[in-house]
$ cat model_9.txt   # compact mmCIF, C-alpha atoms and all ligand atoms
# COMPACT_ATOMS: atom_id res chain seq x y z
CA MET A 1 -21.80 2.80 12.60
CA GLN A 2 -22.53 -0.77 11.51
CA LYS A 3 -18.86 -1.13 10.58
CA VAL A 4 -17.85 -0.01 14.07
CA TYR A 5 -20.15 -2.57 15.68
CA ALA A 6 -18.92 -5.30 13.32
CA ARG A 7 -15.32 -4.48 14.29
CA LEU A 8 -16.28 -4.43 17.96
CA GLY A 9 -17.82 -7.89 17.48
CA GLU A 10 -14.41 -9.18 16.34
CA ILE A 11 -12.46 -7.37 19.06
CA GLY A 12 -14.96 -8.53 21.71
CA LYS A 13 -13.86 -12.15 21.25
CA GLU A 14 -10.27 -11.17 22.04
CA ALA A 15 -11.41 -8.96 24.98
CA ARG A 16 -13.25 -11.90 26.56
CA ARG A 17 -10.13 -14.09 26.22
CA ASN A 18 -7.83 -11.40 27.61
CA PRO A 19 -9.31 -9.35 30.49
CA GLU A 20 -6.18 -7.10 30.51
CA LEU A 21 -7.04 -5.76 27.06
CA ILE A 22 -8.28 -2.16 27.10
CA VAL A 23 -10.72 -1.52 24.28
CA GLY A 24 -11.66 2.08 23.52
CA VAL A 25 -13.98 3.76 21.03
CA VAL A 26 -12.73 7.29 20.39
CA GLY A 27 -13.86 9.85 17.84
CA CYS A 28 -16.96 11.11 16.11
CA MET A 29 -18.74 7.74 16.08
CA ALA A 30 -18.40 7.52 19.88
CA GLN A 31 -19.74 11.07 20.11
CA LEU A 32 -22.69 10.24 17.90
CA GLU A 33 -23.65 6.89 19.43
CA GLY A 34 -22.83 7.79 23.06
CA THR A 35 -23.21 5.28 25.87
CA GLY A 36 -25.37 3.08 23.63
CA ILE A 37 -22.00 1.58 22.63
CA LEU A 38 -21.46 0.35 26.20
CA ARG A 39 -24.83 -1.39 26.18
CA ARG A 40 -24.05 -3.24 22.96
CA ALA A 41 -20.36 -3.82 23.70
CA PRO A 42 -19.95 -3.99 27.51
CA PHE A 43 -16.24 -4.88 27.20
CA VAL A 44 -15.49 -1.32 25.94
CA ARG A 45 -13.50 0.46 28.66
CA ILE A 46 -12.90 3.88 27.10
CA LEU A 47 -15.48 6.01 25.35
CA ALA A 48 -14.39 9.46 24.23
CA GLY A 49 -15.28 12.11 21.67
CA PRO A 50 -12.83 13.46 19.11
CA GLN A 51 -11.78 16.43 21.24
CA LYS A 52 -10.39 14.01 23.85
CA SER A 53 -7.78 12.23 21.76
CA VAL A 54 -5.06 14.41 23.33
CA VAL A 55 -5.78 13.07 26.83
CA LEU A 56 -6.02 9.47 25.69
CA PRO A 57 -2.87 8.29 27.53
CA GLU A 58 -4.37 9.50 30.83
CA MET A 59 -7.66 7.78 30.00
CA VAL A 60 -5.84 4.50 29.34
CA GLU A 61 -4.15 4.79 32.77
CA GLN A 62 -7.53 5.42 34.43
CA ALA A 63 -9.12 2.49 32.60
CA ALA A 64 -6.29 0.20 33.72
CA ALA A 65 -6.79 1.25 37.34
CA ARG A 66 -10.56 0.79 37.65
CA ARG A 67 -13.38 -1.55 36.71
CA GLU A 68 -15.94 0.95 35.33
CA PRO A 69 -15.50 2.36 31.83
CA VAL A 70 -13.89 5.79 31.43
CA VAL A 71 -16.35 7.99 29.55
CA ASP A 72 -15.79 11.57 28.35
CA LEU A 73 -18.11 12.75 25.61
CA ARG A 74 -18.14 16.43 26.57
CA MET A 75 -17.85 19.00 23.80
CA ASP A 76 -16.08 22.15 24.96
CA ASP A 77 -17.93 25.37 24.04
CA ASP A 78 -14.68 27.26 24.04
CA PRO A 79 -12.15 24.56 23.32
CA GLU A 80 -8.44 24.85 23.83
CA PRO A 81 -6.26 25.25 20.74
CA LEU A 82 -5.84 21.84 19.21
CA GLU A 83 -2.72 19.87 19.95
CA THR A 84 -2.10 16.41 18.54
CA SER A 85 0.41 13.79 19.42
CA HIS A 86 0.55 10.00 19.61
CA VAL A 87 -0.11 9.67 15.87
CA LEU A 88 0.42 6.28 14.27
CA ARG A 89 1.70 6.75 10.71
CA GLN A 90 1.26 4.02 8.16
CA SER A 91 3.66 5.31 5.51
CA ARG A 92 7.33 5.95 6.13
CA TRP A 93 7.42 8.69 3.51
CA ARG A 94 4.03 10.42 3.55
CA ALA A 95 2.63 11.84 6.81
CA GLY A 96 -0.76 13.33 7.59
CA VAL A 97 -0.44 16.37 9.85
CA THR A 98 -3.62 17.64 11.52
CA ILE A 99 -3.66 21.43 11.58
CA SER A 100 -7.28 21.96 12.60
CA GLU A 101 -10.28 19.98 13.73
CA GLY A 102 -14.01 20.64 13.91
CA CYS A 103 -15.99 23.07 11.79
CA ASP A 104 -17.80 26.38 12.31
CA ARG A 105 -19.98 25.92 9.24
CA GLN A 106 -23.41 24.35 9.33
CA CYS A 107 -23.94 22.41 6.11
CA SER A 108 -27.38 20.92 6.45
CA PHE A 109 -26.34 17.32 5.72
CA CYS A 110 -23.20 17.14 7.87
CA VAL A 111 -22.65 15.70 11.35
CA VAL A 112 -19.16 17.13 11.81
CA PRO A 113 -20.27 20.22 13.80
CA PHE A 114 -22.08 17.85 16.20
CA THR A 115 -19.40 15.20 16.46
CA ARG A 116 -16.19 17.24 16.31
CA GLY A 117 -17.43 20.55 17.63
CA ARG A 118 -16.24 24.01 16.73
CA GLU A 119 -13.08 24.57 14.74
CA ARG A 120 -9.86 24.40 16.74
CA ASN A 121 -6.53 25.31 15.20
CA ARG A 122 -3.08 24.15 16.20
CA PRO A 123 -0.40 26.78 16.80
CA ALA A 124 1.64 27.32 13.64
CA ALA A 125 4.88 26.91 15.63
CA ALA A 126 3.82 23.40 16.71
CA ILE A 127 2.93 22.45 13.12
CA LEU A 128 6.28 23.75 11.84
CA ARG A 129 8.13 21.82 14.57
CA GLU A 130 6.26 18.62 13.74
CA VAL A 131 6.93 18.92 10.02
CA GLU A 132 10.64 19.68 10.58
CA ALA A 133 10.89 16.58 12.78
CA LEU A 134 9.14 14.51 10.10
CA VAL A 135 11.63 15.71 7.47
CA ASP A 136 14.50 14.76 9.81
CA GLN A 137 12.96 11.28 10.07
CA GLY A 138 13.01 10.96 6.27
CA TYR A 139 9.44 11.87 5.38
CA LEU A 140 9.18 13.42 1.92
CA GLU A 141 5.54 14.47 1.83
CA VAL A 142 3.14 15.97 4.35
CA VAL A 143 -0.62 16.19 3.96
CA LEU A 144 -2.14 19.04 5.99
CA LEU A 145 -5.49 17.91 7.39
CA GLY A 146 -8.54 19.83 8.54
CA GLN A 147 -12.29 19.79 7.94
CA THR A 148 -12.05 23.15 6.18
CA VAL A 149 -8.29 23.36 6.05
CA ASN A 150 -8.16 26.79 4.41
CA SER A 151 -10.07 28.51 7.22
CA TYR A 152 -6.99 27.88 9.39
CA ARG A 153 -5.73 30.79 11.51
CA ASP A 154 -2.91 30.55 14.01
CA PRO A 155 -4.62 30.98 17.42
CA ALA A 156 -2.14 33.69 18.49
CA SER A 157 -0.68 35.45 15.45
CA ARG A 158 -3.73 34.81 13.19
CA ILE A 159 -1.49 33.95 10.22
CA THR A 160 -3.58 32.53 7.39
CA PHE A 161 -3.51 29.07 5.87
CA ALA A 162 -1.65 30.41 2.80
CA GLN A 163 1.00 31.95 5.06
CA LEU A 164 1.36 28.68 6.95
CA VAL A 165 1.83 26.78 3.68
CA ARG A 166 4.45 29.32 2.59
CA ARG A 167 6.42 28.80 5.83
CA LEU A 168 6.22 25.04 5.46
CA ALA A 169 7.39 25.28 1.85
CA GLU A 170 10.54 26.99 3.10
CA ILE A 171 11.56 23.95 5.19
CA ARG A 172 14.66 22.43 3.56
CA ASN A 173 14.31 18.93 2.10
CA LEU A 174 10.51 18.83 2.37
CA ALA A 175 9.70 17.59 -1.11
CA ARG A 176 5.91 17.72 -1.16
CA ILE A 177 3.04 19.48 0.63
CA ARG A 178 -0.63 18.65 0.10
CA PHE A 179 -3.72 19.73 1.96
CA THR A 180 -7.27 18.52 2.27
CA SER A 181 -9.97 19.74 2.12
CA PRO A 182 -10.29 23.45 1.42
CA HIS A 183 -13.78 24.97 1.47
CA PRO A 184 -14.76 26.51 -1.89
CA GLY A 185 -16.35 29.50 -0.15
CA GLU A 186 -13.00 30.76 1.12
CA PHE A 187 -10.43 29.60 -1.40
CA SER A 188 -8.12 32.62 -1.57
CA ASP A 189 -6.02 34.10 -4.37
CA GLU A 190 -3.19 34.20 -1.81
CA LEU A 191 -3.26 30.39 -1.52
CA LEU A 192 -3.13 29.99 -5.29
CA GLU A 193 -0.18 32.39 -5.45
CA VAL A 194 1.71 30.32 -2.86
CA MET A 195 0.95 27.14 -4.82
CA VAL A 196 2.34 28.67 -7.99
CA ALA A 197 5.39 30.15 -6.26
CA TYR A 198 6.48 26.96 -4.46
CA PRO A 199 6.79 23.79 -6.54
CA GLN A 200 6.85 21.76 -3.31
CA VAL A 201 3.13 22.48 -2.96
CA CYS A 202 1.60 19.67 -4.99
CA ASN A 203 -0.35 20.31 -8.19
CA GLN A 204 -3.58 19.12 -6.67
CA ILE A 205 -6.68 20.63 -5.06
CA HIS A 206 -9.62 18.69 -3.68
CA LEU A 207 -12.47 21.20 -3.78
CA PRO A 208 -15.75 19.61 -2.60
CA VAL A 209 -18.66 21.06 -4.59
CA GLN A 210 -21.46 18.66 -3.46
CA SER A 211 -23.91 19.77 -6.19
CA GLY A 212 -23.93 21.66 -9.49
CA SER A 213 -27.27 23.30 -8.73
CA THR A 214 -27.29 26.61 -6.84
CA ARG A 215 -30.79 25.78 -5.59
CA VAL A 216 -29.52 22.56 -3.97
CA LEU A 217 -26.36 24.29 -2.69
CA ARG A 218 -28.64 26.74 -0.86
CA ALA A 219 -30.63 23.88 0.68
CA MET A 220 -27.34 22.29 1.68
CA ARG A 221 -26.28 25.62 3.25
CA ARG A 222 -22.92 25.42 1.53
CA GLY A 223 -22.39 29.17 1.46
CA TYR A 224 -21.54 29.55 -2.25
CA THR A 225 -23.27 29.42 -5.61
CA ARG A 226 -22.36 27.47 -8.71
CA ASP A 227 -21.11 30.72 -10.27
CA HIS A 228 -18.82 31.47 -7.35
CA TYR A 229 -17.45 27.91 -7.45
CA MET A 230 -16.85 28.12 -11.21
CA LYS A 231 -15.00 31.43 -10.80
CA THR A 232 -12.61 29.70 -8.38
CA ILE A 233 -12.18 26.81 -10.83
CA GLY A 234 -11.43 29.37 -13.56
CA LYS A 235 -8.64 30.90 -11.44
CA ILE A 236 -7.16 27.46 -10.69
CA ARG A 237 -7.22 26.51 -14.37
CA ALA A 238 -5.57 29.83 -15.28
CA ALA A 239 -2.71 29.29 -12.78
CA ALA A 240 0.82 29.24 -14.16
CA ARG A 241 1.08 25.49 -13.68
CA PRO A 242 -1.52 22.77 -14.31
CA ILE A 243 -3.34 21.73 -11.14
CA ALA A 244 -5.43 18.55 -10.81
CA ILE A 245 -8.88 19.13 -9.32
CA SER A 246 -11.05 16.58 -7.55
CA THR A 247 -14.34 16.89 -5.67
CA ASP A 248 -17.08 15.32 -3.54
CA ILE A 249 -20.67 15.12 -4.76
CA ILE A 250 -23.91 14.08 -3.07
CA VAL A 251 -26.76 12.93 -5.32
CA GLY A 252 -30.40 12.67 -4.29
CA PHE A 253 -30.33 15.44 -1.67
CA PRO A 254 -33.91 16.26 -0.47
CA GLY A 255 -35.69 18.21 -3.18
CA GLU A 256 -33.08 17.48 -5.89
CA THR A 257 -35.00 17.47 -9.18
CA GLU A 258 -33.93 15.92 -12.46
CA ALA A 259 -32.97 19.45 -13.60
CA ASP A 260 -30.76 19.89 -10.50
CA PHE A 261 -29.10 16.57 -11.19
CA GLN A 262 -28.52 17.52 -14.83
CA ALA A 263 -26.87 20.72 -13.55
CA THR A 264 -24.44 18.53 -11.57
CA LEU A 265 -23.68 16.46 -14.69
CA SER A 266 -23.06 19.64 -16.68
CA LEU A 267 -20.73 20.88 -13.93
CA LEU A 268 -18.70 17.68 -14.29
CA ASP A 269 -18.42 18.33 -18.02
CA GLU A 270 -17.40 21.94 -17.48
CA VAL A 271 -14.80 21.33 -14.78
CA GLN A 272 -13.36 18.07 -16.15
CA TYR A 273 -12.40 16.79 -12.70
CA ASP A 274 -9.47 14.46 -12.33
CA TRP A 275 -11.48 12.32 -9.94
CA VAL A 276 -14.72 12.49 -8.00
CA PHE A 277 -15.99 10.91 -4.79
CA ALA A 278 -19.75 10.60 -5.20
CA PHE A 279 -22.31 9.44 -2.65
CA ARG A 280 -26.06 8.93 -2.35
CA TYR A 281 -27.65 11.22 0.22
CA SER A 282 -28.65 9.55 3.47
CA PRO A 283 -30.04 11.40 6.50
CA ARG A 284 -27.69 11.89 9.45
CA PRO A 285 -28.67 12.41 13.09
CA ASN A 286 -29.02 15.99 14.41
CA THR A 287 -28.59 17.61 10.99
CA ALA A 288 -30.86 20.35 9.63
CA ALA A 289 -31.59 18.29 6.50
CA LEU A 290 -33.58 15.92 8.72
CA ASN A 291 -36.33 18.55 8.57
CA LEU A 292 -36.46 18.23 4.78
CA GLN A 293 -38.40 15.46 3.15
CA ASP A 294 -36.03 12.76 1.89
CA ASP A 295 -38.12 12.66 -1.28
CA VAL A 296 -35.76 11.16 -3.89
CA PRO A 297 -36.51 7.41 -3.93
CA ASP A 298 -33.53 5.19 -3.23
CA GLU A 299 -33.77 3.59 -6.66
CA GLU A 300 -33.57 7.05 -8.26
CA LYS A 301 -30.56 7.96 -6.10
CA ARG A 302 -28.83 4.81 -7.32
CA ARG A 303 -29.65 5.65 -10.95
CA ARG A 304 -28.25 9.17 -10.59
CA LEU A 305 -25.12 7.93 -8.85
CA SER A 306 -24.44 5.36 -11.51
CA LEU A 307 -25.02 7.86 -14.38
CA LEU A 308 -22.68 10.34 -12.71
CA GLN A 309 -19.98 7.72 -12.13
CA GLU A 310 -20.25 6.53 -15.74
CA GLN A 311 -19.82 10.07 -17.07
CA GLN A 312 -16.92 10.80 -14.72
CA ARG A 313 -15.20 7.53 -15.61
CA LEU A 314 -15.07 8.62 -19.24
CA ILE A 315 -13.70 12.06 -18.27
CA GLN A 316 -10.98 10.44 -16.13
CA TYR A 317 -10.09 7.98 -18.87
CA ASN A 318 -9.61 10.80 -21.36
CA ARG A 319 -7.63 12.90 -18.91
CA ASN A 320 -5.35 10.00 -18.04
CA ALA A 321 -4.81 9.29 -21.75
CA ALA A 322 -2.97 12.61 -22.03
CA TYR A 323 -0.17 11.23 -19.83
CA GLN A 324 0.71 8.35 -22.16
CA GLY A 325 4.33 8.70 -23.28
CA ARG A 326 5.25 11.32 -20.67
CA ILE A 327 7.76 10.98 -17.85
CA LEU A 328 6.33 11.82 -14.42
CA GLU A 329 7.94 12.22 -11.00
CA VAL A 330 6.48 9.55 -8.72
CA LEU A 331 6.94 9.07 -4.98
CA ALA A 332 7.36 5.27 -4.84
CA ASP A 333 5.63 4.37 -1.62
CA GLY A 334 4.40 0.80 -1.88
CA ARG A 335 4.31 -2.50 -3.67
CA ALA A 336 1.64 -2.64 -6.37
CA LYS A 337 -1.27 -5.04 -5.98
CA SER A 338 -1.25 -5.69 -9.74
CA ARG A 339 1.41 -7.36 -11.88
CA PHE A 340 3.61 -4.28 -11.49
CA THR A 341 6.22 -4.22 -8.79
CA LEU A 342 5.79 -0.74 -7.34
CA SER A 343 3.15 1.85 -6.79
CA GLY A 344 3.32 5.56 -6.09
CA ARG A 345 1.75 8.95 -6.62
CA THR A 346 2.53 11.92 -8.79
CA THR A 347 2.39 15.50 -7.55
CA GLU A 348 -1.20 15.54 -8.88
CA ASN A 349 -1.93 12.53 -6.65
CA ARG A 350 -2.40 10.21 -9.62
CA ILE A 351 -1.69 6.58 -8.78
CA VAL A 352 1.05 5.06 -10.93
CA ASN A 353 1.77 1.33 -10.91
CA PHE A 354 5.15 0.66 -12.43
CA ASP A 355 8.04 -1.72 -12.82
CA GLY A 356 11.31 -0.93 -11.12
CA PRO A 357 13.67 -2.25 -8.43
CA GLU A 358 12.48 -2.19 -4.81
CA THR A 359 15.42 0.06 -3.94
CA LEU A 360 13.31 2.89 -5.40
CA LEU A 361 10.88 2.71 -2.45
CA GLY A 362 10.84 5.96 -0.54
CA ARG A 363 12.28 7.99 -3.41
CA ILE A 364 10.78 10.39 -5.93
CA VAL A 365 11.71 8.81 -9.24
CA PRO A 366 11.02 9.38 -12.95
CA VAL A 367 8.48 6.97 -14.43
CA ALA A 368 7.70 6.65 -18.16
CA ILE A 369 3.96 6.27 -18.63
CA THR A 370 3.19 3.32 -20.89
CA GLY A 371 -0.51 2.78 -20.22
CA PHE A 372 -3.54 4.12 -18.42
CA GLY A 373 -7.00 3.31 -17.11
CA ALA A 374 -9.72 5.49 -15.64
CA ASN A 375 -8.27 5.27 -12.13
CA SER A 376 -4.52 4.90 -12.53
CA LEU A 377 -1.52 5.08 -14.81
CA LYS A 378 0.95 2.34 -15.69
CA GLY A 379 4.62 2.72 -16.42
CA GLU A 380 8.20 1.76 -15.97
CA TRP A 381 11.04 3.36 -14.07
CA ALA A 382 12.77 5.77 -16.44
CA GLY A 383 15.90 6.15 -14.33
CA ARG A 384 17.56 3.20 -16.02
CA ARG A 385 16.91 4.71 -19.43
CA GLN A 386 18.30 8.03 -18.27
CA GLU A 387 21.37 6.27 -16.81
CA ASP A 388 21.86 4.41 -20.14
CA CYS A 389 21.66 7.72 -22.04
CA ARG A 390 24.21 9.31 -19.72
CA GLU A 391 26.58 6.35 -20.26
CA ARG A 392 26.24 6.67 -24.05
CA ASP A 393 26.87 10.46 -23.99
S1 LIG A 401 -19.50 19.55 5.07
FE1 LIG A 401 -17.49 20.38 5.60
S2 LIG A 401 -17.82 22.60 5.72
FE2 LIG A 401 -19.84 21.67 5.85
S3 LIG A 401 -20.25 21.44 8.05
FE3 LIG A 401 -19.34 19.52 7.33
S4 LIG A 401 -17.15 19.72 7.72
FE4 LIG A 401 -18.05 21.79 7.82
$ encode --input "model_9.txt" --output "structure tokens"
Amino acid sequence: MQKVYARLGEIGKEARRNPELIVGVVGCMAQLEGTGILRRAPFVRILAGPQKSVVLPEMVEQAAARREPVVDLRMDDDPEPLETSHVLRQSRWRAGVTISEGCDRQCSFCVVPFTRGRERNRPAAAILREVEALVDQGYLEVVLLGQTVNSYRDPASRITFAQLVRRLAEIRNLARIRFTSPHPGEFSDELLEVMVAYPQVCNQIHLPVQSGSTRVLRAMRRGYTRDHYMKTIGKIRAAARPIAISTDIIVGFPGETEADFQATLSLLDEVQYDWVFAFRYSPRPNTAALNLQDDVPDEEKRRRLSLLQEQQRLIQYNRNAAYQGRILEVLADGRAKSRFTLSGRTTENRIVNFDGPETLLGRIVPVAITGFGANSLKGEWAGRRQEDCRERD
């Protein structure tokens, strides 16, 4: 929330200079903080929860026509099926497509059920239409988004997430499909079968585990055990094509002992994740974990986080080393910040910084991997080499 207030501090200067400017705070932070935002930032003219993004154009019209702020922080008990529009996309080749929002689970550390409400799913027909339009506009990759994306069901036909992915994979000229994040408790064999059957579905799964200790998973109310999670990992590893796996982890959850933490480290060793997003536990408003004693001292949380990151860094370094000398297909989607000219991602979502002409931007191109670090690969465009070979032949 501090970041939101800091940003509002900056925008407030502009709002005072330009009284026509309509400033709005929309989303889960607005839901969480409520009208307290108006007290601290009286120039805010729209305040709305995440369920209201669809009616934002109407709210802007209302705000333009009146002096008082337009506030709608209601959470619908029985919300309408989700529909999204008015999405600003930052990449010309990769597009996030929201398929569901909110969550029916109750993990004890998570504010999502309070800020985004119950799960709402978009009609499959609307998702298919949106993705077809994106392909017509030249997008190569779509990322299906949802809090627990794999619990998706079409509101009318009840088709499953795996069936939706299959239909999307049949759209001509759609090169890549990703999704984030599936819940480990309901990762289905059907989804894995679709991934294996359709090469357009990227070789990557982000499967948030949160802890390697079943005792802590129970306290987190995650709805699965370590054993169940590892069985799913076993199936993914046994799939007919290699699939990169990443995860989220919280260290220092209330009651997490040294033995629990060691269980998380051993899970990292067992799974050999391709990357990990790790966080120190901090209490969140309204959540059930507030009733537990936040008994891991902050210093100890920091120690555990740093140990975990160190161990994972080594795993990633070794995994990335295996790509040295290989040629990978990379969607060139930006200019690299380093000495390399271009940057892009492989089907596994690995970042590759590489040298090549800017005309490659927006294309999926072969890149020869010449170096690696823990977080990215380095390389050079292999198309020229391949063209040279063809000329010699
Ligand atoms: S952590 Fe994920 S699954 Fe759990 S309540 Fe939050 S959004 Fe839902």
$ residues_near_ligand --input "model_9.txt" --ligand "ligand LIG 401 (chain A)" --cutoff "6 Å" --atoms "only C-alpha atoms and all ligand atoms" --output "list in words"
Cys103, Arg105, Gln106, Cys107, Cys110, Val112, Pro113, Gln147 and Thr148 of chain A
$ closest_atom_pairs --input "model_9.txt" --of "region 156-247 of chain A" --to "region 311-318 of chain A" --cutoff "12 Å" --atoms "all atoms listed in the file" --output "Markdown table"
| residue | atom | partner | partner_atom | distance |
| --- | --- | --- | --- | --- |
| A:Ala244 | CA | A:Gln316 | CA | 11.2 |
| A:Ile245 | CA | A:Gln316 | CA | 11.2 |
| A:Ser246 | CA | A:Gln316 | CA | 10.6 |
| A:Thr247 | CA | A:Gln312 | CA | 11.2 |
$ residues_around --input "model_9.txt" --residues "region 227-238 of chain A" --least-positions-apart "4" --cutoff "7 Å" --atoms "all atoms listed in the file" --output "list of chain:residue names"
A:Pro184, A:Pro242, A:Ile243
$ residues_around --input "model_9.txt" --residues "region 327-333 of chain A" --least-positions-apart "3" --cutoff "6 Å" --atoms "all atoms listed in the file" --output "PyMOL selection string"
chain A and resi 343-346+361-368
$ residues_around --input "model_9.txt" --residues "region 158-165 of chain A" --least-positions-apart "5" --cutoff "7 Å" --atoms "only C-alpha atoms" --output "ChimeraX atom specification"
/A:124,150-153,190-191,194
$ write_last_selection --input "model_9.txt" --atoms "C-alpha atoms" --output "PDB file, in the frame of the given file"
ATOM      1  CA  ALA A 124       1.640  27.320  13.640  1.00  0.00           C
ATOM      2  CA  ASN A 150      -8.160  26.790   4.410  1.00  0.00           C
ATOM      3  CA  SER A 151     -10.070  28.510   7.220  1.00  0.00           C
ATOM      4  CA  TYR A 152      -6.990  27.880   9.390  1.00  0.00           C
ATOM      5  CA  ARG A 153      -5.730  30.790  11.510  1.00  0.00           C
ATOM      6  CA  GLU A 190      -3.190  34.200  -1.810  1.00  0.00           C
ATOM      7  CA  LEU A 191      -3.260  30.390  -1.520  1.00  0.00           C
ATOM      8  CA  VAL A 194       1.710  30.320  -2.860  1.00  0.00           C
TER       9      VAL A 194
END
$ atom_distance --input "model_9.txt" --atom1 "CA of Ala239 (chain A)" --atom2 "CA of Val142 (chain A)"
22.5 Å
$ atom_distance --input "model_9.txt" --atom1 "CA of Ser181 (chain A)" --atom2 "CA of Ile205 (chain A)"
7.9 Å
$ closest_residue --input "model_9.txt" --among "A:Asn18, A:Thr347, A:Ile171, A:Arg116" --to "Cys202 (chain A)" --atoms "all atoms listed in the file"
A:Thr347
$ atom_distance --input "model_9.txt" --atom1 "CA of Gly356 (chain A)" --atom2 "CA of Phe340 (chain A)"
8.4 Å
$ residues_around --input "model_9.txt" --residues "Leu21 (chain A)" --least-positions-apart "2" --cutoff "10 Å" --atoms "all atoms listed in the file" --output "PDB file with C-alpha atoms, keeping the file's coordinate frame"
ATOM      1  CA  ILE A  11     -12.460  -7.370  19.060  1.00  0.00           C
ATOM      2  CA  GLY A  12     -14.960  -8.530  21.710  1.00  0.00           C
ATOM      3  CA  GLU A  14     -10.270 -11.170  22.040  1.00  0.00           C
ATOM      4  CA  ALA A  15     -11.410  -8.960  24.980  1.00  0.00           C
ATOM      5  CA  ARG A  16     -13.250 -11.900  26.560  1.00  0.00           C
ATOM      6  CA  ARG A  17     -10.130 -14.090  26.220  1.00  0.00           C
ATOM      7  CA  ASN A  18      -7.830 -11.400  27.610  1.00  0.00           C
ATOM      8  CA  PRO A  19      -9.310  -9.350  30.490  1.00  0.00           C
ATOM      9  CA  VAL A  23     -10.720  -1.520  24.280  1.00  0.00           C
ATOM     10  CA  GLY A  24     -11.660   2.080  23.520  1.00  0.00           C
ATOM     11  CA  PHE A  43     -16.240  -4.880  27.200  1.00  0.00           C
ATOM     12  CA  VAL A  44     -15.490  -1.320  25.940  1.00  0.00           C
ATOM     13  CA  ARG A  45     -13.500   0.460  28.660  1.00  0.00           C
ATOM     14  CA  ALA A  64      -6.290   0.200  33.720  1.00  0.00           C
TER      15      ALA A  64
END
$ closest_residue --input "model_9.txt" --among "A:Ser157, A:Ser108, A:Gln90, A:Asn320" --to "Pro123 (chain A)" --atoms "all atoms listed in the file"
A:Ser157
$ closest_residue --input "model_9.txt" --among "A:Thr287, A:Leu128, A:Ser376, A:Phe277" --to "Asn349 (chain A)" --atoms "only C-alpha atoms"
A:Ser376
